[in-house]
file input_19.cif (mmCIF, C-alpha atoms)
data_final
#
loop_
_atom_site.label_atom_id
_atom_site.label_comp_id
_atom_site.auth_asym_id
_atom_site.auth_seq_id
_atom_site.Cartn_x
_atom_site.Cartn_y
_atom_site.Cartn_z
CA MET I 18 66.02 -23.61 -13.29
CA MET I 19 64.67 -21.00 -15.70
CA ALA I 20 66.26 -22.80 -18.62
CA TRP I 21 64.51 -26.02 -17.60
CA TRP I 22 61.19 -24.21 -17.22
CA ASN I 23 61.49 -22.41 -20.54
CA ALA I 24 62.30 -25.68 -22.27
CA LEU I 25 58.92 -27.11 -21.24
CA SER I 26 55.92 -26.90 -23.52
CA LEU I 27 53.14 -24.49 -22.60
CA ALA I 28 50.84 -27.42 -21.78
CA THR I 29 53.39 -28.93 -19.37
CA GLN I 30 53.93 -25.57 -17.69
CA ILE I 31 50.19 -25.28 -17.13
CA PHE I 32 50.02 -28.81 -15.78
CA TYR I 33 52.86 -28.02 -13.34
CA CYS I 34 51.07 -24.83 -12.24
CA ILE I 35 48.05 -26.98 -11.40
CA ALA I 36 49.83 -29.99 -9.91
CA ILE I 37 52.35 -28.36 -7.59
CA PRO I 38 50.04 -25.95 -5.65
CA SER I 39 47.27 -28.54 -5.37
CA THR I 40 49.75 -31.15 -4.12
CA LEU I 41 51.01 -28.74 -1.46
CA ILE I 42 47.44 -28.03 -0.35
CA LEU I 43 46.72 -31.77 -0.19
CA LEU I 44 49.83 -32.34 1.93
CA ILE I 45 48.81 -29.54 4.31
CA GLN I 46 45.30 -31.02 4.57
CA THR I 47 46.77 -34.42 5.34
CA VAL I 48 49.07 -33.07 8.04
CA LEU I 49 46.22 -31.11 9.64
CA LEU I 50 44.05 -34.23 9.55
CA PHE I 51 46.70 -36.29 11.33
CA ILE I 52 47.07 -33.69 14.10
CA GLY I 53 43.29 -33.44 14.46
CA VAL I 54 42.76 -29.92 13.07
CA GLY I 55 41.22 -30.31 9.65
CA GLY I 56 38.63 -32.26 7.72
CA ASP I 57 37.70 -34.91 10.21
CA VAL I 58 34.06 -35.90 10.27
CA ASP I 59 32.49 -35.58 13.68
CA ALA I 60 29.53 -37.73 14.60
CA ASP I 61 27.53 -34.58 15.34
CA ASP I 62 27.71 -33.73 11.65
CA LEU I 63 25.63 -36.80 10.91
CA SER I 64 22.66 -35.61 12.89
CA GLY I 65 21.30 -33.19 10.33
CA ASP I 66 19.57 -29.89 11.17
CA PHE I 67 16.68 -30.05 13.57
CA ASP I 68 15.17 -28.03 16.38
CA ALA I 69 15.00 -29.99 19.58
CA PRO I 70 12.85 -28.87 22.50
CA GLU I 71 14.72 -27.64 25.53
CA SER I 72 15.47 -30.37 28.04
CA THR I 73 14.27 -30.15 31.64
CA ASP I 74 15.67 -33.13 33.50
CA GLY I 75 18.68 -34.52 31.66
CA VAL I 76 17.74 -38.13 32.33
CA PHE I 77 18.18 -39.93 29.06
CA GLY I 78 15.11 -41.57 27.59
CA ASP I 79 12.66 -39.09 29.14
CA ASN I 80 13.39 -35.97 27.12
CA ASP I 81 14.33 -37.15 23.67
CA PRO I 82 12.89 -34.70 21.15
CA ASP I 83 9.95 -35.90 19.11
CA VAL I 84 11.74 -35.84 15.76
CA ASP I 85 12.71 -38.46 13.24
CA PHE I 86 16.44 -38.80 13.59
CA ASP I 87 18.11 -40.50 10.69
CA ALA I 88 21.89 -40.59 10.80
CA GLU I 89 21.95 -42.39 7.47
CA GLY I 90 20.14 -39.53 5.74
CA ASP I 91 23.26 -37.41 5.50
CA LEU I 92 25.51 -40.16 4.21
CA GLY I 93 25.00 -39.44 0.52
CA LEU I 94 27.89 -39.52 -1.89
CA ARG I 95 29.68 -36.17 -1.71
CA VAL I 96 31.87 -35.83 -4.77
CA PHE I 97 32.26 -32.08 -5.18
CA THR I 98 33.90 -31.21 -1.88
CA PHE I 99 36.96 -29.01 -1.42
CA ARG I 100 39.10 -32.06 -0.68
CA GLY I 101 37.65 -33.81 -3.72
CA VAL I 102 38.44 -30.89 -6.02
CA ILE I 103 42.01 -30.73 -4.71
CA ALA I 104 42.41 -34.47 -5.31
CA PHE I 105 41.10 -34.00 -8.85
CA LEU I 106 43.61 -31.22 -9.55
CA VAL I 107 46.51 -33.25 -8.13
CA VAL I 108 45.80 -36.29 -10.30
CA PHE I 109 44.85 -34.18 -13.34
CA GLY I 110 48.09 -32.21 -13.12
CA TRP I 111 50.52 -35.08 -12.61
CA VAL I 112 48.87 -37.34 -15.19
CA GLY I 113 49.02 -34.47 -17.65
CA ILE I 114 52.71 -33.91 -16.90
CA ALA I 115 53.56 -37.60 -17.30
CA MET I 116 51.63 -38.03 -20.55
CA ASP I 117 52.92 -34.80 -22.09
CA ALA I 118 56.49 -35.73 -21.18
CA SER I 119 55.94 -39.05 -22.97
CA GLY I 120 55.10 -37.19 -26.16
CA ILE I 121 51.41 -38.10 -26.15
CA SER I 122 49.16 -35.68 -27.99
CA LEU I 123 47.41 -33.03 -25.90
CA TRP I 124 44.09 -34.11 -27.43
CA VAL I 125 44.60 -37.51 -25.80
CA THR I 126 46.26 -36.22 -22.63
CA MET I 127 43.43 -33.87 -21.62
CA PRO I 128 40.57 -36.41 -21.66
CA VAL I 129 42.68 -39.05 -19.92
CA ALA I 130 43.82 -36.58 -17.23
CA ILE I 131 40.22 -35.45 -16.67
CA VAL I 132 38.96 -39.03 -16.39
CA CYS I 133 41.75 -39.94 -13.94
CA GLY I 134 41.02 -36.84 -11.83
CA ALA I 135 37.30 -37.58 -11.79
CA ALA I 136 38.01 -41.18 -10.81
CA MET I 137 40.06 -39.94 -7.86
CA MET I 138 37.22 -37.63 -6.80
CA LEU I 139 34.78 -40.54 -6.90
CA PHE I 140 37.18 -42.82 -5.03
CA LEU I 141 37.68 -40.21 -2.30
CA ALA I 142 33.92 -39.67 -2.01
CA LEU I 143 33.39 -43.42 -1.58
CA ILE I 144 36.10 -43.55 1.10
CA LEU I 145 34.55 -40.65 3.03
CA LYS I 146 31.08 -42.17 2.75
CA ALA I 147 32.40 -45.45 4.14
CA VAL I 148 34.10 -43.64 7.04
CA MET I 149 30.94 -41.69 7.83
CA GLY I 150 28.92 -44.90 7.69
CA LEU I 151 31.25 -46.52 10.22
CA ARG I 152 31.01 -43.49 12.48
CA SER I 153 27.22 -43.59 12.40
CA ASP I 154 26.99 -47.33 13.01
CA GLY I 155 26.85 -47.78 16.76
CA ASN I 156 28.96 -44.72 17.60
CA THR I 157 26.33 -42.00 17.87
CA ASP I 158 24.46 -43.07 21.00
CA ASN I 159 25.47 -40.41 23.51
CA ARG I 160 23.81 -42.37 26.32
CA ASN I 161 26.94 -44.51 26.38
CA ALA I 162 28.85 -41.47 27.66
CA VAL I 163 26.90 -41.41 30.94
CA GLY I 164 29.28 -42.07 33.82
CA MET I 165 32.34 -41.19 31.76
CA SER I 166 34.78 -38.45 32.74
CA GLY I 167 35.70 -35.60 30.43
CA LYS I 168 37.28 -32.17 30.19
CA VAL I 169 35.61 -28.84 29.44
CA GLN I 170 36.73 -27.20 26.20
CA LEU I 171 34.30 -24.26 26.30
CA THR I 172 32.86 -22.96 29.57
CA VAL I 173 29.57 -24.61 30.53
CA PRO I 174 27.17 -21.96 31.93
CA ALA I 175 25.51 -22.60 35.30
CA ASN I 176 21.91 -23.77 35.67
CA ARG I 177 21.54 -24.65 31.98
CA ALA I 178 21.75 -21.00 31.01
CA GLY I 179 23.54 -22.06 27.83
CA GLU I 180 25.69 -24.75 26.28
CA GLY I 181 29.42 -25.33 26.53
CA LYS I 182 31.69 -27.92 24.97
CA VAL I 183 33.30 -30.98 26.55
CA HIS I 184 35.63 -33.73 25.36
CA VAL I 185 34.65 -37.21 26.52
CA MET I 186 35.51 -40.80 25.68
CA LEU I 187 32.53 -42.29 23.82
CA GLN I 188 32.69 -45.94 22.74
CA GLY I 189 36.43 -45.92 22.23
CA ALA I 190 36.63 -42.51 20.52
CA TYR I 191 37.57 -39.16 22.05
CA VAL I 192 34.78 -36.81 20.89
CA GLU I 193 33.56 -33.27 21.47
CA ARG I 194 29.96 -32.74 22.55
CA ASP I 195 27.71 -29.85 23.60
CA ALA I 196 27.09 -29.84 27.33
CA VAL I 197 24.87 -28.24 29.97
CA THR I 198 25.01 -28.43 33.76
CA ASP I 199 22.66 -28.10 36.71
CA ASP I 200 25.52 -26.85 38.91
CA GLU I 201 25.07 -23.47 40.56
CA ASP I 202 28.43 -22.29 39.22
CA ALA I 203 29.71 -22.28 35.66
CA ILE I 204 32.27 -24.96 34.83
CA PRO I 205 35.35 -23.29 33.33
CA THR I 206 37.52 -24.45 30.45
CA GLY I 207 39.95 -27.16 31.51
CA ALA I 208 37.86 -28.40 34.43
CA GLU I 209 37.19 -32.13 34.76
CA VAL I 210 33.57 -33.25 34.64
CA VAL I 211 31.53 -36.41 34.74
CA VAL I 212 28.55 -37.08 32.45
CA VAL I 213 25.35 -37.62 34.45
CA GLY I 214 22.73 -37.63 31.69
CA VAL I 215 21.75 -36.78 28.14
CA SER I 216 19.58 -33.87 27.09
CA GLY I 217 17.90 -34.38 23.73
CA ILE I 218 20.04 -36.21 21.19
CA THR I 219 23.49 -34.65 21.23
CA THR I 220 23.76 -32.57 24.42
CA LEU I 221 25.32 -34.08 27.54
CA VAL I 222 24.45 -33.14 31.10
CA VAL I 223 27.60 -32.87 33.20
CA LYS I 224 28.68 -31.95 36.71
CA ARG I 225 32.06 -30.86 37.95
CA LYS I 226 34.21 -33.50 39.60
#
call {"tool": "encode", "arguments": {"input": "input_19.cif", "output": "C-alpha cells"}}
result
Amino acid sequence: MMAWWNALSLATQIFYCIAIPSTLILLIQTVLLFIGVGGDVDADDLSGDFDAPESTDGVFGDNDPDVDFDAEGDLGLRVFTFRGVIAFLVVFGWVGIAMDASGISLWVTMPVAIVCGAAMMLFLALILKAVMGLRSDGNTDNRNAVGMSGKVQLTVPANRAGEGKVHVMLQGAYVERDAVTDDEDAIPTGAEVVVVGVSGITTLVVKRK
C-alpha cells in the first residue's frame, strides 16, 4: 500500500486527499438524507423570517397575519452551500486523479478539474431549486391539514402557553409543523392528535384524540 502511495506524484496524492474524504462525506450525507435525518428541505424553510401576531381563535382565514408572504422569495439559486462545496471537492478530486493518471499536464488538469467541480455545484444548486419550487407549489397551505390526524413530536403546552411540534399528513407528504392547543392539559410526546384549525401561517391548532 505504501509503495503504491509513494509511487504516485505529489499532485495525485493531493487529489486523493481531497477526493476520498469528500466522497465519504457525500455518501454519509446521502445515507442520512434517505433515512430522513439530513439535508431535506422542509416547507417551513420557504416561509422566510417574519413576526406573526399571536393567534386568538385558531379558525383559519380569520387570524392570518397581515404580512406579505412570498414562498418564491427564498427560492434563489444557492450555489455555495455545504453540500455544494462537498460536491465540488468530489468532482474536482476524481477528475484531477483521472487526468493526472492519464499523463495530462497539471496546468491543464487544474483548470479542467475546477470547471468540472463548479459545474457540479451549479447542477446541484439547480436541482435543489427545482425541488424547493415543487415543495412550494401547492404544498404549503396548512389549511389542508385541518381534520387530519397526527402525532406529537414535542409536547404541546396547554391553553396555548407555547408551541410544540406535531407530524401530520399534508397533501400526500408527512411533515412536521408547530402546534398549539386549547386543551386544558398539555399533550405529551407520542400522543395522537387531530388538527382543528390553523393559527397564522405555519402553526396548527390541535386537540388530543
call {"tool": "atom_distance", "arguments": {"input": "input_19.cif", "atom1": "CA of Thr40 (chain I)", "atom2": "CA of Thr98 (chain I)"}}
result
16.0 Å
call {"tool": "resolve_selection", "arguments": {"input": "input_19.cif", "expression": "the PyMOL selection byres ((chain I and resi 208) around 6)", "output": "count of residues only"}}
result
6
call {"tool": "atom_distance", "arguments": {"input": "input_19.cif", "atom1": "CA of Trp124 (chain I)", "atom2": "CA of Gly110 (chain I)"}}
result
15.0 Å
call {"tool": "closest_residue", "arguments": {"input": "input_19.cif", "among": "I:Val129, I:Ala203, I:Ala175, I:Ala162", "to": "Leu221 (chain I)", "atoms": "all atoms listed in the file"}}
result
I:Ala162
call {"tool": "resolve_selection", "arguments": {"input": "input_19.cif", "expression": "the PyMOL selection byres ((chain I and resi 29) around 10)", "output": "list in words"}}
result
Trp22, Ala24, Leu25, Ser26, Leu27, Ala28, Gln30, Ile31, Phe32, Tyr33, Cys34, Ile35, Gly110, Trp111, Gly113, Ile114, Ala115, Met116, Asp117, Ala118 and Leu123 of chain I
call {"tool": "axis_aligned_box", "arguments": {"input": "input_19.cif", "around": "region 104-114 of chain I", "padding_each_side": "8 Å", "output": "lines of an AutoDock Vina configuration file"}}
result
center_x = 46.9
center_y = -34.3
center_z = -11.5
size_x = 27.6
size_y = 22.1
size_z = 28.3
call {"tool": "resolve_selection", "arguments": {"input": "input_19.cif", "expression": "the PyMOL selection byres ((chain I and resi 224) around 9)", "output": "JSON, numbers by chain"}}
result
{"I": [197, 198, 199, 200, 204, 209, 210, 211, 212, 213, 222, 223, 225, 226]}
call {"tool": "closest_residue", "arguments": {"input": "input_19.cif", "among": "I:Leu139, I:Phe109, I:Ala147, I:Val102", "to": "Thr126 (chain I)", "atoms": "only C-alpha atoms"}}
result
I:Phe109
call {"tool": "atom_distance", "arguments": {"input": "input_19.cif", "atom1": "CA of Thr220 (chain I)", "atom2": "CA of Asp195 (chain I)"}}
result
4.9 Å
call {"tool": "closest_residue", "arguments": {"input": "input_19.cif", "among": "I:Arg194, I:Leu106, I:Gly101, I:Glu201", "to": "Ile144 (chain I)", "atoms": "only C-alpha atoms"}}
result
I:Gly101
call {"tool": "closest_residue", "arguments": {"input": "input_19.cif", "among": "I:Gly164, I:Val192, I:Arg100, I:Asp158", "to": "Thr219 (chain I)", "atoms": "only C-alpha atoms"}}
result
I:Asp158
call {"tool": "residues_around", "arguments": {"input": "input_19.cif", "residues": "Leu44 (chain I)", "least_positions_apart": "4", "cutoff": "12 Å", "atoms": "all atoms listed in the file", "output": "MDAnalysis selection string"}}
result
chainID I and resid 37:40 48:51 55 100 103:104 107
call {"tool": "write_last_selection", "arguments": {"input": "input_19.cif", "atoms": "C-alpha atoms", "output": "PDB file, keeping the file's coordinate frame"}}
result
ATOM      1  CA  ILE I  37      52.350 -28.360  -7.590  1.00  0.00           C
ATOM      2  CA  PRO I  38      50.040 -25.950  -5.650  1.00  0.00           C
ATOM      3  CA  SER I  39      47.270 -28.540  -5.370  1.00  0.00           C
ATOM      4  CA  THR I  40      49.750 -31.150  -4.120  1.00  0.00           C
ATOM      5  CA  VAL I  48      49.070 -33.070   8.040  1.00  0.00           C
ATOM      6  CA  LEU I  49      46.220 -31.110   9.640  1.00  0.00           C
ATOM      7  CA  LEU I  50      44.050 -34.230   9.550  1.00  0.00           C
ATOM      8  CA  PHE I  51      46.700 -36.290  11.330  1.00  0.00           C
ATOM      9  CA  GLY I  55      41.220 -30.310   9.650  1.00  0.00           C
ATOM     10  CA  ARG I 100      39.100 -32.060  -0.680  1.00  0.00           C
ATOM     11  CA  ILE I 103      42.010 -30.730  -4.710  1.00  0.00           C
ATOM     12  CA  ALA I 104      42.410 -34.470  -5.310  1.00  0.00           C
ATOM     13  CA  VAL I 107      46.510 -33.250  -8.130  1.00  0.00           C
TER      14      VAL I 107
END
call {"tool": "closest_residue", "arguments": {"input": "input_19.cif", "among": "I:Met138, I:Met165, I:Leu145, I:Leu171", "to": "Met186 (chain I)", "atoms": "only C-alpha atoms"}}
result
I:Met165
call {"tool": "build_atoms", "arguments": {"input": "input_19.cif", "residues": "region 107-134 of chain I", "atoms": "N, CA and C atoms", "output": "tab-separated table (two decimals), keeping the file's coordinate frame"}}
result
chain	number	residue	atom	x	y	z
I	107	VAL	N	45.23	-32.56	-8.31
I	107	VAL	CA	46.51	-33.25	-8.13
I	107	VAL	C	46.69	-34.33	-9.20
I	108	VAL	N	45.69	-35.19	-9.33
I	108	VAL	CA	45.80	-36.29	-10.30
I	108	VAL	C	45.79	-35.75	-11.73
I	109	PHE	N	44.92	-34.78	-12.01
I	109	PHE	CA	44.85	-34.18	-13.34
I	109	PHE	C	46.21	-33.59	-13.74
I	110	GLY	N	46.81	-32.85	-12.82
I	110	GLY	CA	48.09	-32.21	-13.12
I	110	GLY	C	49.21	-33.19	-13.38
I	111	TRP	N	49.39	-34.17	-12.47
I	111	TRP	CA	50.52	-35.08	-12.61
I	111	TRP	C	50.34	-36.06	-13.76
I	112	VAL	N	49.11	-36.49	-14.02
I	112	VAL	CA	48.87	-37.34	-15.19
I	112	VAL	C	49.17	-36.56	-16.47
I	113	GLY	N	48.74	-35.30	-16.49
I	113	GLY	CA	49.02	-34.47	-17.65
I	113	GLY	C	50.51	-34.29	-17.88
I	114	ILE	N	51.25	-34.07	-16.79
I	114	ILE	CA	52.71	-33.91	-16.90
I	114	ILE	C	53.35	-35.19	-17.44
I	115	ALA	N	52.96	-36.32	-16.90
I	115	ALA	CA	53.56	-37.60	-17.30
I	115	ALA	C	53.26	-37.91	-18.76
I	116	MET	N	52.01	-37.69	-19.18
I	116	MET	CA	51.63	-38.03	-20.55
I	116	MET	C	52.26	-37.06	-21.55
I	117	ASP	N	52.31	-35.77	-21.19
I	117	ASP	CA	52.92	-34.80	-22.09
I	117	ASP	C	54.42	-35.04	-22.23
I	118	ALA	N	55.06	-35.43	-21.12
I	118	ALA	CA	56.49	-35.73	-21.18
I	118	ALA	C	56.77	-36.97	-22.02
I	119	SER	N	55.77	-37.84	-22.16
I	119	SER	CA	55.94	-39.05	-22.97
I	119	SER	C	55.66	-38.78	-24.45
I	120	GLY	N	55.33	-37.54	-24.76
I	120	GLY	CA	55.10	-37.19	-26.16
I	120	GLY	C	53.71	-37.50	-26.65
I	121	ILE	N	52.79	-37.80	-25.75
I	121	ILE	CA	51.41	-38.10	-26.15
I	121	ILE	C	50.70	-36.81	-26.50
I	122	SER	N	49.88	-36.87	-27.51
I	122	SER	CA	49.16	-35.68	-27.99
I	122	SER	C	48.31	-35.07	-26.89
I	123	LEU	N	48.22	-33.73	-26.90
I	123	LEU	CA	47.41	-33.03	-25.90
I	123	LEU	C	45.95	-33.41	-26.01
I	124	TRP	N	45.49	-33.74	-27.23
I	124	TRP	CA	44.09	-34.11	-27.43
I	124	TRP	C	43.77	-35.45	-26.77
I	125	VAL	N	44.78	-36.25	-26.54
I	125	VAL	CA	44.60	-37.51	-25.80
I	125	VAL	C	44.86	-37.28	-24.32
I	126	THR	N	45.87	-36.47	-24.02
I	126	THR	CA	46.26	-36.22	-22.63
I	126	THR	C	45.13	-35.60	-21.82
I	127	MET	N	44.47	-34.59	-22.37
I	127	MET	CA	43.43	-33.87	-21.62
I	127	MET	C	42.29	-34.78	-21.18
I	128	PRO	N	41.66	-35.54	-22.11
I	128	PRO	CA	40.57	-36.41	-21.66
I	128	PRO	C	41.01	-37.46	-20.64
I	129	VAL	N	42.20	-38.02	-20.85
I	129	VAL	CA	42.68	-39.05	-19.92
I	129	VAL	C	42.93	-38.44	-18.53
I	130	ALA	N	43.55	-37.25	-18.51
I	130	ALA	CA	43.82	-36.58	-17.23
I	130	ALA	C	42.52	-36.24	-16.51
I	131	ILE	N	41.52	-35.79	-17.27
I	131	ILE	CA	40.22	-35.45	-16.67
I	131	ILE	C	39.55	-36.69	-16.10
I	132	VAL	N	39.57	-37.79	-16.86
I	132	VAL	CA	38.96	-39.03	-16.39
I	132	VAL	C	39.66	-39.54	-15.13
I	133	CYS	N	41.00	-39.48	-15.12
I	133	CYS	CA	41.75	-39.94	-13.94
I	133	CYS	C	41.44	-39.07	-12.73
I	134	GLY	N	41.36	-37.75	-12.93
I	134	GLY	CA	41.02	-36.84	-11.83
I	134	GLY	C	39.63	-37.09	-11.29
